[in-house]
Amino acid sequence: MATILSAPPPSATPRMSDHFWANDNTALNHILDRLMKSKRTCETILKMFEKRAHIEQDYGEQLLKLSQIRLSECEESSSTFSETLQSIPTATEAAARAHIDLAQQIHHLLEAPLSAFIREQKAVRKSTMSEIDKIQNLRYMHLDNVKRARHAYLTECNNLKNHAADRPADELMQMKQKTATVGILESVTKNWIEQWKESCNIFQELEEKRLSYLSGTLLAYANMISNVYTLDDQSCDRIRSALDNLDIVADINGFIQSKGTGTTVPGLCYFWTSHCYQGF
């Protein structure tokens, strides 16, 4: 007779162990499918971290090269525009360092821990599945034994119809064998039920840990990206601040003061010839 589990109270957290029961492997297959998909999601996020770290590292290195360009080389060293141009490589280098640091943070604080988390969940999943396989196979074996005992009992009963004298003793022996086999199956089934409950609880714990862990690591990822964008904006603020200090009139006046050659306009040049021309 099947065991009917009472429904949990509405306010309780739903439990897999209350909702995944079946006479075949349907419940197990659904849970295994969920666990495999969960594993692939973790691996996909890990690949995203790896690629983002690579992109940030490459981008930071390219920005670092860009920061080596001397924009103010051809400007007057004392001009405000020269100071403005000098702020751009400095800001670019700061942005480059921020992106390289981000690449390292993603690798060490997100990628490596997630890789370890995936290995940890795999070990628990593998160990639990091994126990389930053992008890499941044992249950199926004893189910087959019960079927064979029942078949043998019915066959023997039919055979003994023509041997009335031997019937009571032989039938009693067959009944005892059947009863013993059924008793073993009941014991194994009880163990299987307990093992399956425990396994469902472990599977739910794995899933809860996964969702909690990924939620936290993705929040950390979003904060890291947000921080580097903030640093990028701060680098742009340095350029904007330098532009605020640009004084075009002062730069023109400075150039005039340092390079001016004088205020006297040269006089007109007069040319004449010493030859006299006749006929005028």
# chains A, B, ... in the order shown; residues from 1 in each chain; ligands from 1
>>> residues_around(residues="range 223-231 of chain A", least_positions_apart="6", cutoff="12 Å", atoms="only C-alpha atoms", output="list of chain:residue names")
A:Phe49, A:Arg52, A:Ala53, A:Glu56, A:Gly60, A:Ala91, A:Thr92, A:Glu93, A:Ala94, A:Ala95, A:Ala96, A:Arg97, A:Ala98, A:His99, A:Ile100, A:Asp101, A:Leu102, A:Ala103, A:Gln104, A:Gln105, A:Ile106, A:His107, A:Leu109, A:Leu110, A:Gly216, A:Thr217, A:Asp237, A:Arg238
>>> write_last_selection(atoms="N, CA, C and O atoms", output="short mmCIF file (atom, residue, chain, number, x, y, z; two decimals), in the first residue's frame")
data_model
loop_
_atom_site.label_atom_id
_atom_site.label_comp_id
_atom_site.auth_asym_id
_atom_site.auth_seq_id
_atom_site.Cartn_x
_atom_site.Cartn_y
_atom_site.Cartn_z
N PHE A 49 32.58 35.12 -16.82
CA PHE A 49 33.60 35.77 -15.99
C PHE A 49 34.97 35.70 -16.66
O PHE A 49 35.72 36.68 -16.69
N ARG A 52 34.99 38.08 -19.65
CA ARG A 52 34.96 39.49 -19.23
C ARG A 52 36.32 39.90 -18.67
O ARG A 52 36.81 41.01 -18.94
N ALA A 53 36.93 39.02 -17.89
CA ALA A 53 38.26 39.32 -17.35
C ALA A 53 39.27 39.51 -18.47
O ALA A 53 40.10 40.43 -18.43
N GLU A 56 38.55 42.91 -20.16
CA GLU A 56 39.00 44.03 -19.33
C GLU A 56 40.52 44.13 -19.32
O GLU A 56 41.08 45.23 -19.37
N GLY A 60 42.34 47.33 -20.83
CA GLY A 60 43.22 48.11 -19.97
C GLY A 60 44.61 48.27 -20.57
O GLY A 60 45.20 49.37 -20.52
N ALA A 91 44.50 60.85 -17.18
CA ALA A 91 43.17 60.28 -16.97
C ALA A 91 43.05 58.93 -17.67
O ALA A 91 42.44 57.99 -17.13
N THR A 92 43.62 58.81 -18.86
CA THR A 92 43.56 57.55 -19.62
C THR A 92 44.33 56.45 -18.89
O THR A 92 43.87 55.30 -18.82
N GLU A 93 45.47 56.80 -18.31
CA GLU A 93 46.25 55.81 -17.56
C GLU A 93 45.48 55.34 -16.33
O GLU A 93 45.48 54.14 -15.99
N ALA A 94 44.82 56.28 -15.66
CA ALA A 94 44.03 55.91 -14.48
C ALA A 94 42.91 54.96 -14.86
O ALA A 94 42.64 53.97 -14.16
N ALA A 95 42.25 55.24 -15.99
CA ALA A 95 41.19 54.35 -16.47
C ALA A 95 41.76 52.98 -16.84
O ALA A 95 41.16 51.94 -16.56
N ALA A 96 42.94 52.99 -17.45
CA ALA A 96 43.59 51.72 -17.84
C ALA A 96 43.88 50.87 -16.62
O ALA A 96 43.60 49.66 -16.61
N ARG A 97 44.44 51.49 -15.58
CA ARG A 97 44.74 50.75 -14.34
C ARG A 97 43.46 50.19 -13.73
O ARG A 97 43.45 49.06 -13.20
N ALA A 98 42.38 50.96 -13.79
CA ALA A 98 41.12 50.51 -13.21
C ALA A 98 40.60 49.28 -13.92
O ALA A 98 40.11 48.34 -13.28
N HIS A 99 40.71 49.23 -15.23
CA HIS A 99 40.21 48.08 -16.00
C HIS A 99 41.11 46.86 -15.81
O HIS A 99 40.61 45.72 -15.77
N ILE A 100 42.40 47.08 -15.70
CA ILE A 100 43.30 45.95 -15.42
C ILE A 100 43.04 45.40 -14.03
O ILE A 100 43.03 44.18 -13.82
N ASP A 101 42.82 46.30 -13.07
CA ASP A 101 42.47 45.85 -11.71
C ASP A 101 41.15 45.08 -11.71
O ASP A 101 41.00 44.08 -11.00
N LEU A 102 40.19 45.54 -12.51
CA LEU A 102 38.91 44.85 -12.61
C LEU A 102 39.09 43.43 -13.14
O LEU A 102 38.47 42.48 -12.64
N ALA A 103 39.96 43.28 -14.13
CA ALA A 103 40.23 41.94 -14.68
C ALA A 103 40.76 41.02 -13.59
O ALA A 103 40.35 39.85 -13.49
N GLN A 104 41.66 41.53 -12.76
CA GLN A 104 42.23 40.72 -11.68
C GLN A 104 41.18 40.40 -10.61
O GLN A 104 41.14 39.29 -10.07
N GLN A 105 40.32 41.38 -10.32
CA GLN A 105 39.27 41.15 -9.32
C GLN A 105 38.30 40.06 -9.80
O GLN A 105 37.91 39.18 -9.02
N ILE A 106 37.91 40.14 -11.07
CA ILE A 106 36.99 39.13 -11.61
C ILE A 106 37.63 37.75 -11.53
O ILE A 106 36.98 36.76 -11.16
N HIS A 107 38.91 37.68 -11.86
CA HIS A 107 39.60 36.38 -11.86
C HIS A 107 39.72 35.81 -10.44
O HIS A 107 39.38 34.64 -10.21
N LEU A 109 38.36 37.02 -7.39
CA LEU A 109 37.24 37.10 -6.46
C LEU A 109 35.96 36.45 -6.98
O LEU A 109 35.06 36.16 -6.19
N LEU A 110 35.86 36.24 -8.28
CA LEU A 110 34.64 35.66 -8.85
C LEU A 110 34.91 34.33 -9.56
O LEU A 110 34.28 33.32 -9.28
N GLY A 216 24.73 36.18 -4.91
CA GLY A 216 25.76 37.00 -4.28
C GLY A 216 26.91 37.32 -5.22
O GLY A 216 27.39 38.47 -5.25
N THR A 217 27.34 36.34 -6.00
CA THR A 217 28.49 36.56 -6.88
C THR A 217 28.14 37.49 -8.04
O THR A 217 28.96 38.29 -8.48
N ASP A 237 36.08 63.40 -15.54
CA ASP A 237 35.93 64.63 -14.75
C ASP A 237 37.25 65.41 -14.70
O ASP A 237 37.25 66.65 -14.68
N ARG A 238 38.36 64.68 -14.65
CA ARG A 238 39.67 65.36 -14.64
C ARG A 238 39.87 66.14 -15.94
O ARG A 238 40.39 67.26 -15.92
#
>>> closest_residue(among="A:Asp244, A:Gln86, A:Cys200, A:Ser78", to="His30 in chain A", atoms="only C-alpha atoms")
A:Cys200
>>> atom_distance(atom1="CA of Leu214 in chain A", atom2="CA of Ser127 in chain A")
22.5 Å
>>> atom_distance(atom1="CA of Ser130 in chain A", atom2="CA of Lys47 in chain A")
28.6 Å
>>> closest_residue(among="A:Gln204, A:Gln121, A:Ser79, A:Ala220", to="Ser258 in chain A", atoms="only C-alpha atoms")
A:Ser79
>>> closest_atom_pairs(of="range 170-257 of chain A", to="range 39-43 of chain A", cutoff="12 Å", atoms="only C-alpha atoms", output="JSON lines")
{"residue": "A:Leu206", "atom": "CA", "partner": "A:Lys39", "partner_atom": "CA", "distance": 10.4}
{"residue": "A:Glu207", "atom": "CA", "partner": "A:Lys39", "partner_atom": "CA", "distance": 9.8}
{"residue": "A:Lys209", "atom": "CA", "partner": "A:Cys42", "partner_atom": "CA", "distance": 11.9}
{"residue": "A:Arg210", "atom": "CA", "partner": "A:Cys42", "partner_atom": "CA", "distance": 8.3}
{"residue": "A:Leu211", "atom": "CA", "partner": "A:Cys42", "partner_atom": "CA", "distance": 9.8}
{"residue": "A:Tyr213", "atom": "CA", "partner": "A:Cys42", "partner_atom": "CA", "distance": 10.1}
{"residue": "A:Leu214", "atom": "CA", "partner": "A:Cys42", "partner_atom": "CA", "distance": 7.9}
{"residue": "A:Ser215", "atom": "CA", "partner": "A:Cys42", "partner_atom": "CA", "distance": 11.3}
{"residue": "A:Thr217", "atom": "CA", "partner": "A:Cys42", "partner_atom": "CA", "distance": 11.0}
{"residue": "A:Leu218", "atom": "CA", "partner": "A:Cys42", "partner_atom": "CA", "distance": 11.2}
